[in-house]
$ cat structure-v6.tsv   # TSV, C-alpha atoms
chain	number	residue	atom	x	y	z
A	1369	MET	CA	154.11	79.19	99.52
A	1370	GLN	CA	154.49	79.30	95.72
A	1371	GLY	CA	157.64	77.40	94.76
A	1372	GLY	CA	159.57	77.41	98.02
A	1373	VAL	CA	159.15	74.37	100.18
A	1374	PHE	CA	155.48	73.74	99.35
A	1375	GLU	CA	156.13	71.31	96.49
A	1376	PRO	CA	158.68	69.06	98.25
A	1377	LEU	CA	156.40	68.86	101.29
A	1378	ILE	CA	153.33	67.66	99.34
A	1379	PRO	CA	153.76	64.00	100.50
A	1380	VAL	CA	153.98	65.19	104.12
A	1381	PHE	CA	150.72	67.17	103.82
A	1382	ALA	CA	149.06	64.13	102.21
A	1383	PHE	CA	150.40	61.89	104.98
A	1384	GLY	CA	149.01	64.33	107.56
A	1385	ALA	CA	145.58	64.00	105.91
A	1386	ASN	CA	145.98	60.20	105.97
A	1387	VAL	CA	146.67	60.14	109.73
A	1388	LEU	CA	143.92	62.66	110.51
A	1389	ILE	CA	141.22	60.77	108.55
A	1390	GLN	CA	142.39	57.40	109.91
A	1391	VAL	CA	142.26	58.57	113.54
A	1392	LEU	CA	138.92	60.35	113.13
A	1393	SER	CA	137.31	57.41	111.34
A	1394	ALA	CA	138.65	54.87	113.84
A	1395	ARG	CA	137.26	56.97	116.70
A	1396	HIS	CA	133.95	58.08	115.26
A	1397	ILE	CA	132.70	55.63	112.60
A	1398	ARG	CA	131.03	52.85	114.53
A	1399	GLY	CA	131.79	49.31	113.36
A	1400	LEU	CA	134.40	50.41	110.80
A	1401	GLY	CA	137.27	48.46	112.35
A	1402	LEU	CA	140.94	49.37	112.53
A	1403	LEU	CA	142.00	47.85	109.21
A	1404	LYS	CA	139.28	49.60	107.23
A	1405	SER	CA	140.11	52.91	108.95
A	1406	ILE	CA	143.72	52.48	107.76
A	1407	PHE	CA	142.57	51.90	104.16
A	1408	LEU	CA	140.20	54.85	104.38
A	1409	GLY	CA	142.98	57.10	105.72
A	1410	PHE	CA	145.36	55.97	103.00
A	1411	GLY	CA	142.77	56.63	100.30
A	1412	ALA	CA	142.00	60.09	101.69
A	1413	GLY	CA	145.71	60.93	101.80
A	1414	LEU	CA	146.12	59.75	98.21
A	1415	LEU	CA	143.27	61.98	97.10
A	1416	CYS	CA	144.90	64.88	98.95
A	1417	LEU	CA	148.20	64.08	97.18
A	1418	LEU	CA	146.53	64.18	93.75
A	1419	LEU	CA	144.80	67.48	94.51
A	1420	LEU	CA	148.01	69.07	95.77
A	1421	GLU	CA	149.97	67.81	92.74
A	1422	GLY	CA	147.32	69.39	90.52
A	1423	TYR	CA	147.55	72.65	92.46
A	1424	ALA	CA	151.36	72.62	92.24
A	1425	TYR	CA	151.13	72.20	88.45
A	1426	PHE	CA	148.56	74.99	88.27
A	1427	ILE	CA	150.78	77.50	90.14
A	1428	ARG	CA	153.99	76.41	88.37
A	1429	PRO	CA	153.38	74.69	85.00
A	1430	ARG	CA	156.33	72.56	83.88
A	1431	VAL	CA	157.41	70.22	81.12
A	1432	SER	CA	155.23	67.07	81.38
A	1433	ALA	CA	158.19	64.73	82.02
A	1434	ASP	CA	159.40	66.83	84.99
A	1435	PHE	CA	155.92	67.05	86.45
A	1436	ILE	CA	155.27	63.31	86.08
A	1437	SER	CA	158.60	62.27	87.59
A	1438	ALA	CA	158.07	64.65	90.55
A	1439	ALA	CA	154.54	63.28	91.03
A	1440	VAL	CA	155.81	59.68	90.92
A	1441	ALA	CA	158.54	60.49	93.50
A	1442	ASP	CA	155.90	62.11	95.74
A	1443	ALA	CA	153.62	59.07	95.35
A	1444	VAL	CA	156.49	56.74	96.35
A	1445	THR	CA	157.31	58.92	99.38
A	1446	TYR	CA	153.66	59.07	100.43
A	1447	SER	CA	153.18	55.30	99.98
A	1448	ALA	CA	156.30	54.55	102.04
A	1449	LEU	CA	155.04	56.83	104.84
A	1450	GLY	CA	151.60	55.17	104.67
A	1451	TYR	CA	153.17	51.71	104.75
A	1452	GLY	CA	155.24	52.67	107.80
A	1453	TYR	CA	152.16	54.06	109.55
A	1454	PHE	CA	150.21	50.87	108.85
A	1455	HIS	CA	152.98	48.82	110.46
A	1456	PHE	CA	153.24	51.21	113.41
A	1457	ILE	CA	149.54	50.68	114.18
A	1458	ASN	CA	149.84	46.94	113.58
A	1459	LEU	CA	152.84	46.79	115.90
A	1460	GLY	CA	150.92	48.52	118.67
A	1461	VAL	CA	147.99	46.15	118.34
A	1462	THR	CA	149.57	42.76	117.67
A	1463	ALA	CA	153.24	42.83	118.73
A	1464	ARG	CA	154.15	40.43	121.54
A	1465	ARG	CA	156.78	42.78	122.96
A	1466	ILE	CA	154.21	45.55	123.34
A	1467	ARG	CA	151.75	43.25	125.08
A	1468	LEU	CA	154.48	41.97	127.45
A	1469	LEU	CA	155.54	45.54	128.26
A	1470	ILE	CA	151.92	46.46	129.06
A	1471	GLU	CA	151.66	43.49	131.42
A	1472	VAL	CA	154.88	44.50	133.21
A	1473	LYS	CA	153.77	48.14	133.35
A	1474	ASP	CA	150.46	47.21	134.96
A	1475	SER	CA	152.23	45.44	137.82
A	1476	SER	CA	154.88	46.16	140.41
A	1477	GLY	CA	157.16	43.60	138.78
A	1478	LEU	CA	156.38	40.09	137.53
A	1479	THR	CA	158.17	36.77	137.81
A	1480	LEU	CA	158.45	34.72	134.62
A	1481	GLU	CA	155.64	32.45	135.79
A	1482	GLU	CA	153.37	35.42	136.55
A	1483	LEU	CA	154.16	36.99	133.19
A	1484	LEU	CA	153.39	33.73	131.37
A	1485	SER	CA	150.15	33.32	133.30
A	1486	ARG	CA	149.04	36.73	131.98
A	1487	TYR	CA	150.24	36.25	128.40
A	1488	ASN	CA	151.29	32.96	126.90
A	1489	ALA	CA	151.51	30.98	123.68
A	1490	LYS	CA	148.08	29.45	124.26
A	1491	GLU	CA	146.34	32.85	124.36
A	1492	MET	CA	148.41	34.22	121.51
A	1493	VAL	CA	147.74	31.20	119.27
A	1494	SER	CA	144.05	31.31	120.14
A	1495	ASN	CA	143.83	35.03	119.17
A	1496	ARG	CA	145.73	34.63	115.93
A	1497	LEU	CA	144.28	31.30	114.90
A	1498	GLY	CA	140.83	32.80	115.40
A	1499	ARG	CA	141.74	35.58	112.96
A	1500	LEU	CA	143.25	33.12	110.44
A	1501	LEU	CA	140.21	30.82	110.60
A	1502	GLY	CA	137.82	33.78	110.49
A	1503	SER	CA	139.45	35.23	107.38
A	1504	GLY	CA	139.60	31.82	105.68
A	1505	GLN	CA	143.41	31.75	105.51
A	1506	VAL	CA	143.34	28.52	107.51
A	1507	ALA	CA	140.62	25.85	107.48
A	1508	LEU	CA	139.87	23.22	110.14
A	1509	LYS	CA	138.49	19.88	108.88
A	1510	ASP	CA	138.21	16.66	110.89
A	1511	GLY	CA	140.64	17.88	113.56
A	1512	ARG	CA	143.28	18.92	111.03
A	1513	TYR	CA	144.40	22.35	109.90
A	1514	PHE	CA	144.77	23.13	106.19
A	1515	ILE	CA	145.79	26.21	104.24
A	1516	GLY	CA	142.65	27.97	102.99
A	1517	LYS	CA	143.16	31.16	101.00
A	1518	PRO	CA	146.81	31.48	99.98
A	1519	VAL	CA	147.37	35.17	100.89
A	1520	MET	CA	149.06	34.54	104.26
A	1521	LEU	CA	151.09	31.69	102.79
A	1522	LEU	CA	152.34	34.00	100.03
A	1523	ALA	CA	153.23	36.61	102.68
A	1524	ALA	CA	155.05	33.92	104.70
A	1525	ASN	CA	156.99	32.82	101.60
A	1526	ALA	CA	157.89	36.42	100.71
A	1527	MET	CA	159.11	37.04	104.27
A	1528	THR	CA	161.18	33.84	104.21
A	1529	ALA	CA	162.77	34.88	100.89
A	1530	LEU	CA	163.61	38.31	102.33
A	1531	LYS	CA	165.10	36.72	105.47
A	1532	LEU	CA	167.26	34.45	103.31
A	1533	LEU	CA	168.46	37.41	101.24
A	1534	VAL	CA	169.25	39.75	104.15
A	1535	LEU	CA	169.96	37.50	107.14
A	1536	GLY	CA	170.98	34.30	105.33
A	1537	LYS	CA	168.56	32.16	107.36
A	1538	LYS	CA	164.91	31.17	107.24
A	1539	SER	CA	164.07	31.56	110.91
A	1540	GLU	CA	165.36	33.25	114.07
A	1541	PHE	CA	165.97	29.72	115.46
A	1542	ASP	CA	168.25	28.60	112.56
B	1032	MET	CA	163.57	63.52	87.63
B	1033	LYS	CA	166.36	64.35	90.09
B	1034	THR	CA	164.38	63.26	93.16
B	1035	LEU	CA	163.58	59.84	91.70
B	1036	LEU	CA	167.10	59.36	90.39
B	1037	TRP	CA	169.10	60.56	93.40
B	1038	GLY	CA	166.65	59.14	95.93
B	1039	SER	CA	166.85	55.71	94.31
B	1040	VAL	CA	170.65	55.90	94.03
B	1041	ILE	CA	171.09	56.85	97.72
B	1042	PHE	CA	168.65	54.19	98.93
B	1043	GLY	CA	170.18	51.58	96.61
B	1044	VAL	CA	173.76	52.35	97.68
B	1045	SER	CA	172.74	52.24	101.37
B	1046	PHE	CA	170.94	48.94	100.87
B	1047	ILE	CA	173.94	47.33	99.15
B	1048	LEU	CA	176.22	48.66	101.91
B	1049	HIS	CA	173.88	47.18	104.53
B	1050	LEU	CA	173.81	43.79	102.78
B	1051	GLY	CA	177.62	43.80	102.53
B	1052	ILE	CA	178.08	44.62	106.23
B	1053	TRP	CA	175.50	41.98	107.22
B	1054	LYS	CA	177.35	39.31	105.18
B	1055	VAL	CA	180.60	40.09	107.03
B	1056	ARG	CA	179.16	40.39	110.53
B	1057	LEU	CA	175.68	40.85	111.97
B	1058	PRO	CA	175.73	43.99	114.18
B	1059	LYS	CA	174.57	43.60	117.79
B	1060	ARG	CA	172.19	46.59	117.62
B	1061	GLN	CA	170.79	46.03	114.16
B	1062	THR	CA	168.21	48.84	114.01
B	1063	ARG	CA	170.77	51.38	115.19
B	1064	ALA	CA	173.24	50.10	112.59
B	1065	LEU	CA	170.62	50.41	109.83
B	1066	LEU	CA	169.82	53.99	110.85
B	1067	LEU	CA	173.53	54.84	110.81
B	1068	ILE	CA	174.05	53.31	107.35
B	1069	PHE	CA	171.00	54.82	105.64
B	1070	PHE	CA	171.07	58.27	107.26
B	1071	GLY	CA	174.88	58.38	107.11
B	1072	SER	CA	174.73	57.76	103.34
B	1073	LEU	CA	172.08	60.46	102.98
B	1074	ALA	CA	174.27	62.92	104.92
B	1075	ALA	CA	177.29	62.04	102.75
B	1076	PHE	CA	175.28	62.67	99.56
B	1077	PHE	CA	174.02	65.99	100.96
B	1078	VAL	CA	177.62	67.10	101.48
B	1079	PHE	CA	178.30	66.09	97.86
B	1080	PHE	CA	175.25	68.08	96.66
B	1081	LEU	CA	176.41	71.13	98.63
B	1082	VAL	CA	179.95	70.96	97.28
B	1083	SER	CA	178.92	70.30	93.67
B	1084	ALA	CA	175.87	72.61	93.88
B	1085	SER	CA	174.01	69.99	91.84
B	1086	LEU	CA	170.77	70.17	93.82
B	1087	SER	CA	168.66	73.10	95.07
B	1088	LEU	CA	167.23	73.36	98.60
B	1089	GLN	CA	163.88	72.14	97.21
B	1090	GLY	CA	165.62	69.21	95.58
B	1091	CYS	CA	167.47	68.34	98.80
B	1092	ILE	CA	164.20	68.35	100.78
B	1093	SER	CA	162.51	66.11	98.18
B	1094	VAL	CA	165.42	63.66	98.05
B	1095	GLY	CA	165.71	63.70	101.86
B	1096	LEU	CA	162.02	62.90	102.33
B	1097	PHE	CA	162.14	60.22	99.64
B	1098	VAL	CA	165.10	58.43	101.30
B	1099	VAL	CA	163.86	58.90	104.90
B	1100	SER	CA	160.40	57.50	104.08
B	1101	LEU	CA	161.83	54.46	102.27
B	1102	THR	CA	164.34	53.92	105.10
B	1103	LEU	CA	161.63	54.00	107.78
B	1104	ALA	CA	159.48	51.62	105.70
B	1105	TYR	CA	162.44	49.26	105.33
B	1106	ILE	CA	163.39	49.41	109.03
B	1107	ILE	CA	159.85	48.59	110.11
B	1108	THR	CA	159.84	45.66	107.66
B	1109	TYR	CA	163.25	44.61	108.99
B	1110	SER	CA	161.91	44.49	112.56
B	1111	ALA	CA	159.34	41.96	111.33
B	1112	MET	CA	162.14	40.02	109.61
B	1113	GLU	CA	164.34	39.79	112.71
B	1114	VAL	CA	161.84	37.63	114.57
B	1115	ASP	CA	159.43	34.90	113.48
B	1116	SER	CA	155.88	36.24	113.43
B	1117	PRO	CA	153.53	33.78	115.21
B	1118	SER	CA	150.95	33.98	112.41
B	1119	LEU	CA	153.59	33.17	109.82
B	1120	VAL	CA	155.02	30.37	112.02
B	1121	MET	CA	151.52	28.87	112.20
B	1122	VAL	CA	150.90	29.19	108.46
B	1123	ASN	CA	154.32	27.69	107.65
B	1124	ALA	CA	153.69	24.78	110.03
B	1125	ILE	CA	150.32	24.05	108.45
B	1126	ALA	CA	151.70	24.44	104.90
B	1127	GLY	CA	154.57	22.09	105.84
B	1128	ALA	CA	152.07	19.33	106.58
B	1129	GLY	CA	150.97	19.38	102.94
B	1130	THR	CA	147.66	18.05	101.63
B	1131	GLU	CA	147.11	15.74	104.64
B	1132	GLY	CA	146.77	18.72	106.94
B	1133	LEU	CA	148.29	19.25	110.40
B	1134	PRO	CA	146.57	17.41	113.28
B	1135	LYS	CA	145.30	19.83	115.94
B	1136	GLY	CA	147.25	18.05	118.71
B	1137	ARG	CA	150.55	18.25	116.79
B	1138	PHE	CA	149.90	21.93	116.04
B	1139	ASP	CA	149.36	22.68	119.76
B	1140	GLU	CA	152.60	20.86	120.65
B	1141	MET	CA	154.57	23.04	118.22
B	1142	MET	CA	153.26	26.41	119.48
B	1143	THR	CA	154.92	26.69	122.89
B	1144	ASP	CA	156.02	29.54	125.16
B	1145	ASP	CA	159.64	28.58	124.43
B	1146	VAL	CA	159.10	29.33	120.74
B	1147	LEU	CA	156.63	32.22	120.85
B	1148	VAL	CA	157.04	34.13	124.12
B	1149	ILE	CA	160.37	33.52	125.90
B	1150	PRO	CA	162.51	34.87	123.00
B	1151	ARG	CA	160.53	38.15	123.08
B	1152	ILE	CA	161.09	38.49	126.85
B	1153	LYS	CA	164.83	38.03	126.19
B	1154	ASP	CA	164.59	40.77	123.51
B	1155	LEU	CA	163.04	43.16	126.06
B	1156	LEU	CA	165.96	42.50	128.42
B	1157	ARG	CA	168.54	42.87	125.64
B	1158	ASP	CA	167.04	46.13	124.40
B	1159	GLY	CA	166.91	47.60	127.92
B	1160	HIS	CA	163.10	47.87	128.06
B	1161	VAL	CA	162.90	45.71	131.19
B	1162	TYR	CA	165.36	44.60	133.87
B	1163	LEU	CA	165.37	41.64	136.19
B	1164	GLU	CA	165.53	42.34	139.94
B	1165	GLY	CA	164.99	39.66	142.57
B	1166	GLY	CA	163.51	37.35	139.94
B	1167	ARG	CA	160.96	39.97	138.84
B	1168	TYR	CA	160.77	41.78	135.51
B	1169	ARG	CA	160.36	45.55	135.88
B	1170	LEU	CA	160.15	48.38	133.34
B	1171	THR	CA	163.18	50.60	132.77
B	1172	PRO	CA	162.59	54.33	132.08
B	1173	LYS	CA	163.33	53.54	128.39
B	1174	GLY	CA	160.68	50.80	128.39
B	1175	GLU	CA	158.23	53.13	130.14
B	1176	SER	CA	158.67	55.88	127.51
B	1177	PHE	CA	158.47	53.35	124.68
B	1178	ILE	CA	155.23	51.74	125.86
B	1179	ARG	CA	153.58	55.09	126.60
B	1180	ILE	CA	153.63	55.94	122.88
B	1181	PHE	CA	151.67	52.78	122.04
B	1182	ILE	CA	149.26	53.11	124.96
B	1183	PHE	CA	148.53	56.70	123.94
B	1184	TYR	CA	147.94	55.63	120.35
B	1185	ARG	CA	145.68	52.74	121.33
B	1186	LYS	CA	143.59	55.11	123.43
B	1187	LEU	CA	143.52	57.61	120.57
B	1188	LEU	CA	142.20	54.94	118.19
B	1189	ARG	CA	139.93	53.44	120.84
B	1190	ALA	CA	141.61	50.10	120.21
B	1191	PRO	CA	141.58	47.41	122.93
B	1192	LEU	CA	144.35	48.07	125.46
B	1193	ARG	CA	145.61	44.51	125.39
B	1194	GLY	CA	146.52	43.12	122.01
B	1195	GLY	CA	149.01	40.46	120.97

$ encode --input "structure-v6.tsv" --output "structure tokens"
Amino acid sequence: MQGGVFEPLIPVFAFGANVLIQVLSARHIRGLGLLKSIFLGFGAGLLCLLLLEGYAYFIRPRVSADFISAAVADAVTYSALGYGYFHFINLGVTARRIRLLIEVKDSSGLTLEELLSRYNAKEMVSNRLGRLLGSGQVALKDGRYFIGKPVMLLAANAMTALKLLVLGKKSEFD
Amino acid sequence: MKTLLWGSVIFGVSFILHLGIWKVRLPKRQTRALLLIFFGSLAAFFVFFLVSASLSLQGCISVGLFVVSLTLAYIITYSAMEVDSPSLVMVNAIAGAGTEGLPKGRFDEMMTDDVLVIPRIKDLLRDGHVYLEGGRYRLTPKGESFIRIFIFYRKLLRAPLRGG
């Protein structure tokens, strides 16, 4: 394994540790929650990455600049894989398309009315608004909604800016 | 240094190419087009590395992983960009009301099936995940395979089967 393909595959090994710890913690640590299991997995993978980088330096010492740039590239690769994994899990849990597909799968075919009776805007808004109110991102006072903590608003603004840059519009309905 | 440099160059060139193509004409199958652009650029650079012998096998693997991971991260972000996320729609609507706040009744009027659900059903039809037969939506084999991955993963994580 010395030299060879061990060093370039360090981010993949670290990502494997991330997925393993995330799955095990989500399954076996009671009350941890999905989001915390994702953070725990990412942290464990990062630790694995650092240990493997140290090992790689130990078996093949290099000039500091080369080692640091390789370690930074590996950290970027690992972070991108971790980010993708987070979104994959999030997609499976919150995406409307996935929920609609599950409803269709659990039936022998659904009309539009039947599909909307099983999953509709009212249920979706209730689920998500509950999370936004619960996390303090949105506040309800005297029958009116207000922005609470600004994190989701910042995310919404960042997403709008990205949409304008790439797609040239603010919304899919523009 | 080579991985960071070449990886960033390949990803940057692909991204600029993607922006240029998108300004001229939005492709019908956008995810497929993105995969073609980013992985096509990576393949072209690999040919260049082979011909010029400027990168070792180790270097090629590192650069390949660097570009593939950034590409997958970008594509998954792009899928969130293509459609309006309900949570972000809600937050934008509330923010748009300013300091007076958004009355609950007005908020409920804005969040309809036509805005939040019907467009996603149309996406499922367009992407070939479901088909319409006799007024009923049914899964295609592609839709069946696609949803199995998520159902398996939800079971693996012991997450609730129905999300959304």

$ atom_distance --input "structure-v6.tsv" --atom1 "CA of Phe1454 in chain A" --atom2 "CA of Leu1501 in chain A"
22.5 Å

$ closest_residue --input "structure-v6.tsv" --among "B:Leu1057, B:Ala1075, B:Leu1086, B:Leu1065" --to "chain A" --atoms "only C-alpha atoms"
B:Leu1057

$ atom_distance --input "structure-v6.tsv" --atom1 "CA of Ser1437 in chain A" --atom2 "CA of Val1094 in chain B"
12.6 Å

$ residues_around --input "structure-v6.tsv" --residues "Ala1074 in chain B" --least-positions-apart "6" --cutoff "10 Å" --atoms "all atoms listed in the file" --output "PyMOL selection string"
chain B and resi 1041+1068+1080+1095

$ atom_distance --input "structure-v6.tsv" --atom1 "CA of Phe1183 in chain B" --atom2 "CA of Pro1150 in chain B"
25.9 Å

$ closest_residue --input "structure-v6.tsv" --among "B:Pro1134, B:Pro1191, B:Gly1159, B:Gly1038" --to "chain A" --atoms "only C-alpha atoms"
B:Pro1134

$ residues_around --input "structure-v6.tsv" --residues "Trp1053 in chain B" --least-positions-apart "3" --cutoff "12 Å" --atoms "all atoms listed in the file" --output "list in words"
Lys1531, Leu1532, Leu1533, Val1534, Leu1535 and Gly1536 of chain A; Phe1046, Ile1047, Leu1048, His1049, Leu1050, Arg1056, Leu1057, Pro1058, Lys1059, Arg1060, Gln1061, Ala1064, Leu1065 and Ile1068 of chain B

$ closest_residue --input "structure-v6.tsv" --among "B:Lys1153, B:Ser1118, B:Tyr1162, B:Ile1180" --to "Arg1499 in chain A" --atoms "all atoms listed in the file"
B:Ser1118

$ residues_around --input "structure-v6.tsv" --residues "Thr1102 in chain B" --least-positions-apart "2" --cutoff "8 Å" --atoms "all atoms listed in the file" --output "number ranges by chain"
B: 1042, 1066, 1069, 1098-1100, 1104-1106

$ residues_around --input "structure-v6.tsv" --residues "Gln1390 in chain A" --least-positions-apart "5" --cutoff "7 Å" --atoms "all atoms listed in the file" --output "compact mmCIF listing (two decimals) with C-alpha atoms, in the coordinates of the input"
# COMPACT_ATOMS: atom_id res chain seq x y z
CA SER A 1405 140.11 52.91 108.95
CA ILE A 1406 143.72 52.48 107.76
CA LEU A 1408 140.20 54.85 104.38
CA GLY A 1409 142.98 57.10 105.72

$ build_atoms --input "structure-v6.tsv" --residues "range 1509-1528 of chain A" --atoms "N, CA and C atoms" --output "short mmCIF file (atom, residue, chain, number, x, y, z; two decimals), in the frame of the given file"
data_model
loop_
_atom_site.label_atom_id
_atom_site.label_comp_id
_atom_site.auth_asym_id
_atom_site.auth_seq_id
_atom_site.Cartn_x
_atom_site.Cartn_y
_atom_site.Cartn_z
N LYS A 1509 139.38 20.96 109.33
CA LYS A 1509 138.49 19.88 108.88
C LYS A 1509 138.90 18.59 109.58
N ASP A 1510 137.96 17.95 110.22
CA ASP A 1510 138.21 16.66 110.89
C ASP A 1510 139.42 16.71 111.82
N GLY A 1511 139.54 17.77 112.60
CA GLY A 1511 140.64 17.88 113.56
C GLY A 1511 141.99 18.16 112.94
N ARG A 1512 142.01 18.60 111.70
CA ARG A 1512 143.28 18.92 111.03
C ARG A 1512 143.20 20.32 110.42
N TYR A 1513 144.33 21.01 110.49
CA TYR A 1513 144.40 22.35 109.90
C TYR A 1513 144.94 22.26 108.47
N PHE A 1514 144.33 23.05 107.59
CA PHE A 1514 144.77 23.13 106.19
C PHE A 1514 144.91 24.61 105.81
N ILE A 1515 145.72 24.85 104.78
CA ILE A 1515 145.79 26.21 104.24
C ILE A 1515 144.51 26.48 103.45
N GLY A 1516 143.87 27.61 103.72
CA GLY A 1516 142.65 27.97 102.99
C GLY A 1516 143.03 28.89 101.85
N LYS A 1517 142.74 30.19 102.02
CA LYS A 1517 143.16 31.16 101.00
C LYS A 1517 144.69 31.31 101.08
N PRO A 1518 145.34 31.51 99.95
CA PRO A 1518 146.81 31.48 99.98
C PRO A 1518 147.51 32.79 100.35
N VAL A 1519 146.75 33.84 100.70
CA VAL A 1519 147.37 35.17 100.89
C VAL A 1519 148.44 35.14 101.99
N MET A 1520 148.09 34.57 103.15
CA MET A 1520 149.06 34.54 104.26
C MET A 1520 150.26 33.65 103.93
N LEU A 1521 149.99 32.58 103.18
CA LEU A 1521 151.09 31.69 102.79
C LEU A 1521 152.05 32.42 101.85
N LEU A 1522 151.50 33.21 100.94
CA LEU A 1522 152.34 34.00 100.03
C LEU A 1522 153.17 35.01 100.82
N ALA A 1523 152.51 35.65 101.83
CA ALA A 1523 153.23 36.61 102.68
C ALA A 1523 154.35 35.90 103.44
N ALA A 1524 154.05 34.69 103.94
CA ALA A 1524 155.05 33.92 104.70
C ALA A 1524 156.23 33.57 103.78
N ASN A 1525 155.93 33.17 102.54
CA ASN A 1525 156.99 32.82 101.60
C ASN A 1525 157.84 34.04 101.23
N ALA A 1526 157.16 35.19 101.05
CA ALA A 1526 157.89 36.42 100.71
C ALA A 1526 158.82 36.81 101.87
N MET A 1527 158.31 36.69 103.10
CA MET A 1527 159.11 37.04 104.27
C MET A 1527 160.30 36.10 104.41
N THR A 1528 160.08 34.81 104.13
CA THR A 1528 161.18 33.84 104.21
C THR A 1528 162.25 34.16 103.17
#
